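**Q** Questions regarding the structure given below will be posed in turn.
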Amino acid sequence: MDNSVPRLGTAFNDGTLALIAVAIALVGFAAWAARGPNAEKTDFALTYVGAHIVHQGQGRHLYDMGLQVKLRDSIFHNPSPLYFEHPPFEALALAPLAALPFRTAYLVWCSLNIVVLLGVIVWSRSSLLWPSDDIGYLFLWLIFAPVLVAIYQGQSSIMVLAAYAAAVVFLKANRPSVAGVLFGLALLKFQFAIPFTIVFLLRRQWKFVAGFSLTGTLLGLCSLIGIGWQGVADYVWLLSQIGKNPQNISYGSAVDMPTLHGLVFAIASHALNSTGLGLIVAMLSIGLLAWVAWKWNDYWEASFAAAVAASLLCGSHMFTHDFSPLGIAMFLAAGSLKFVGPPLRIATGVILAVFWTFPLYFLFVKWHCLYVLALALLAFTWCCLRVAQQIPVSRSCKLQPMAAG
């Protein structure tokens, strides 16, 4: 047996004991949050409203803002001012939770997220070989603030993280079709999933794109059956309103989003209307994705990490919990640094330290300047592509390249 391969969760050792301790701590955290006074202000409260509408058989009115507000105010005493604007298939999938009292449903959903997160941590370990110590690996996941925020908020970002993790595992196993099918679940946050897939489309990775398209088609059909054409039309209208009103806190203010959209809005909102802002962001996004696709090389772990960061940057709607998939990219990038020179190693290490600094996200949210982290994401993307290019040929040839599809 190769003792150099991490065995987290598959052997009775310190790493597995630490994993059990982490699981207990996370469940305790979820139970505390479910009983806390702020549970009604979490993002899950909005999802619960959407699930409740579907559960009542009113799926075709899922994106009726008046109905959402009426139902929200009837369920909660101190509701969040935001709306449910996730894809319809999410509300359809979670509709059974609406049969439960809110706090019970919240605890069940948080617990499911914890199970998925722990599954990702263990399952991805064979692909994320840095750090070599299992306890250190667990600790780095635990101090990555976005995953804890995602659990607390009852968000679907942990599921999106799982989709990115599945893509890594199956691409490494040279099974791009399966990777694409499972990555299609990232359409829960389609604003990130589509840009990521565009990189593969530009690289002519047809099997991955076909698998992704299959899942997307099935989810689209489920949504259409669940809410009808009018519901779909209402959803498109809602998305257009979000795009036209980047300053509206009920849709999520753009300055609180670490994306190209948030960055451009923060810098030039005084000189641009919504149309001009959209055009500039679209051009920057296409340029960024094309650059990542063009620079991608055989050392695909670092290139994959760059694509993850780029997909987040191109997503127009992003909050702290949406950083969760970046965890996969950070481990991949950190594991590649031993092969590059000191300047690039130091630069990438500093950026990784920024993303692993727990309080930073909360400070930026408090100061309403989370858009600043878009600059860190851009720098991370550049560093990952440089890392991929500087890997010695002898090292690159030893790694299994991703199939061309």
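Labeling convention for the structure tokens: chains A, B, ... as they appear, residues from 1 per chain, ligands from 1 in order of appearance.
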Which neighbours of range 362-373 of chain A fall inside 6 Å, counting only C-alpha atoms, when residues of the same chain fewer than 3 positions from it are skipped, and could you give them as a list of chain:residue names?
**A**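 The neighbour list is A:Val255, A:Asp256, A:Met257, A:Pro258, A:Gly262, A:Leu263, A:Pro359, A:Ala376.
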**Q** Show me a table, sorted first by chain and then by increasing residue number, of the residues of range 206-273 of chain A having an atom at most 8 Å from range 63-79 of chain A, each with its shortest atom pair and the distance in Å to one decimal, counting only C-alpha atoms and written as JSON lines.
**A**
```
{"residue": "A:Gly231", "atom": "CA", "partner": "A:Tyr63", "partner_atom": "CA", "distance": 6.7}
{"residue": "A:Asp234", "atom": "CA", "partner": "A:Tyr63", "partner_atom": "CA", "distance": 5.8}
{"residue": "A:Tyr235", "atom": "CA", "partner": "A:Tyr63", "partner_atom": "CA", "distance": 5.9}
{"residue": "A:Leu238", "atom": "CA", "partner": "A:Tyr63", "partner_atom": "CA", "distance": 7.4}
```
**Q** Would you mind exporting C-alpha atoms of the selected residues as a compact mmCIF listing (two decimals), in the first residue's frame?
**A**
```
# COMPACT_ATOMS: atom_id res chain seq x y z
CA GLY A 231 -43.40 31.18 -14.15
CA ASP A 234 -41.58 35.86 -14.51
CA TYR A 235 -38.15 34.50 -13.58
CA LEU A 238 -36.87 39.15 -12.27
```
**Q** Given only C-alpha atoms as the basis, pick out the residue of A:Ala310, A:Leu128, A:Val115, A:Gln390 nearest to Ile20 in chain A.
**A**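 Closest to Ile20 in chain A, using only C-alpha atoms: A:Val115.
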**Q** Quick one: contact table of range 206-278 of chain A to range 149-169 of chain A, 12 Å max, nearest atom pair and distance in Å to one decimal per residue, counting only C-alpha atoms, chain and number order, as JSON lines?
**A**
```
{"residue": "A:Phe208", "atom": "CA", "partner": "A:Ala167", "partner_atom": "CA", "distance": 9.1}
{"residue": "A:Val209", "atom": "CA", "partner": "A:Ala167", "partner_atom": "CA", "distance": 11.7}
{"residue": "A:Gly211", "atom": "CA", "partner": "A:Ala167", "partner_atom": "CA", "distance": 11.0}
{"residue": "A:Phe212", "atom": "CA", "partner": "A:Ala167", "partner_atom": "CA", "distance": 10.5}
{"residue": "A:Thr215", "atom": "CA", "partner": "A:Ala163", "partner_atom": "CA", "distance": 11.8}
```
**Q** Might you pull out every residue within 12 Å of range 93-99 of chain A, with only C-alpha atoms counted and same-chain residues fewer than 5 positions away left off, and present them as a ChimeraX atom specification?
**A** /A:44-59,62,75,86-88,104-110,112,154-156,188,219,222-223,226
**Q** Here is a test: counting only C-alpha atoms, which residue of A:Leu385, A:Val292, A:Ala334, A:Leu148 is nearest to Ala30 in chain A?
**A**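 So, comparing all the options, the nearest one is A:Leu148.
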**Q** Record the distance separating CA of Trp300 in chain A and CA of Lys172 in chain A, expressed in Å with one decimal.
**A**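 CA of Lys172 in chain A lies 9.1 Å from CA of Trp300 in chain A.
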**Q** Could you check the closest approach to Ser285 in chain A for each of A:Leu344, A:Ala210, A:Leu378, A:Leu326 and tell me which residue wins, using only C-alpha atoms?
**A**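 Nearest to Ser285 in chain A: A:Leu378.
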**Q** Using DSSP on the backbone, list every residue of range 203-394 of chain A that comes out as helix (DSSP H, G or I), and give them as an MDAnalysis selection string.
**A** chainID A and resid 206:244 254:256 260:268 274:295 300:314 320:323 326:339 342:355 358:366 370:390 393:394
**Q** Which one of A:Leu239, A:Ala31, A:Lys207, A:Arg60 sits closest to Tyr83 in chain A if you count only C-alpha atoms?
**A**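 Of A:Leu239, A:Ala31, A:Lys207, A:Arg60, the one nearest Tyr83 in chain A, counting only C-alpha atoms, is A:Leu239.
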**Q** Between CA of Arg203 in chain A and CA of Trp294 in chain A, what is the distance, to one decimal in Å?
**A**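 Taking CA of Arg203 in chain A and CA of Trp294 in chain A, their separation equals 7.7 Å.
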**Q** May I ask for the distance between CA of Leu277 in chain A and CA of Ile194 in chain A, given in Å to one decimal place?
**A**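 These atoms are spaced 19.9 Å apart.
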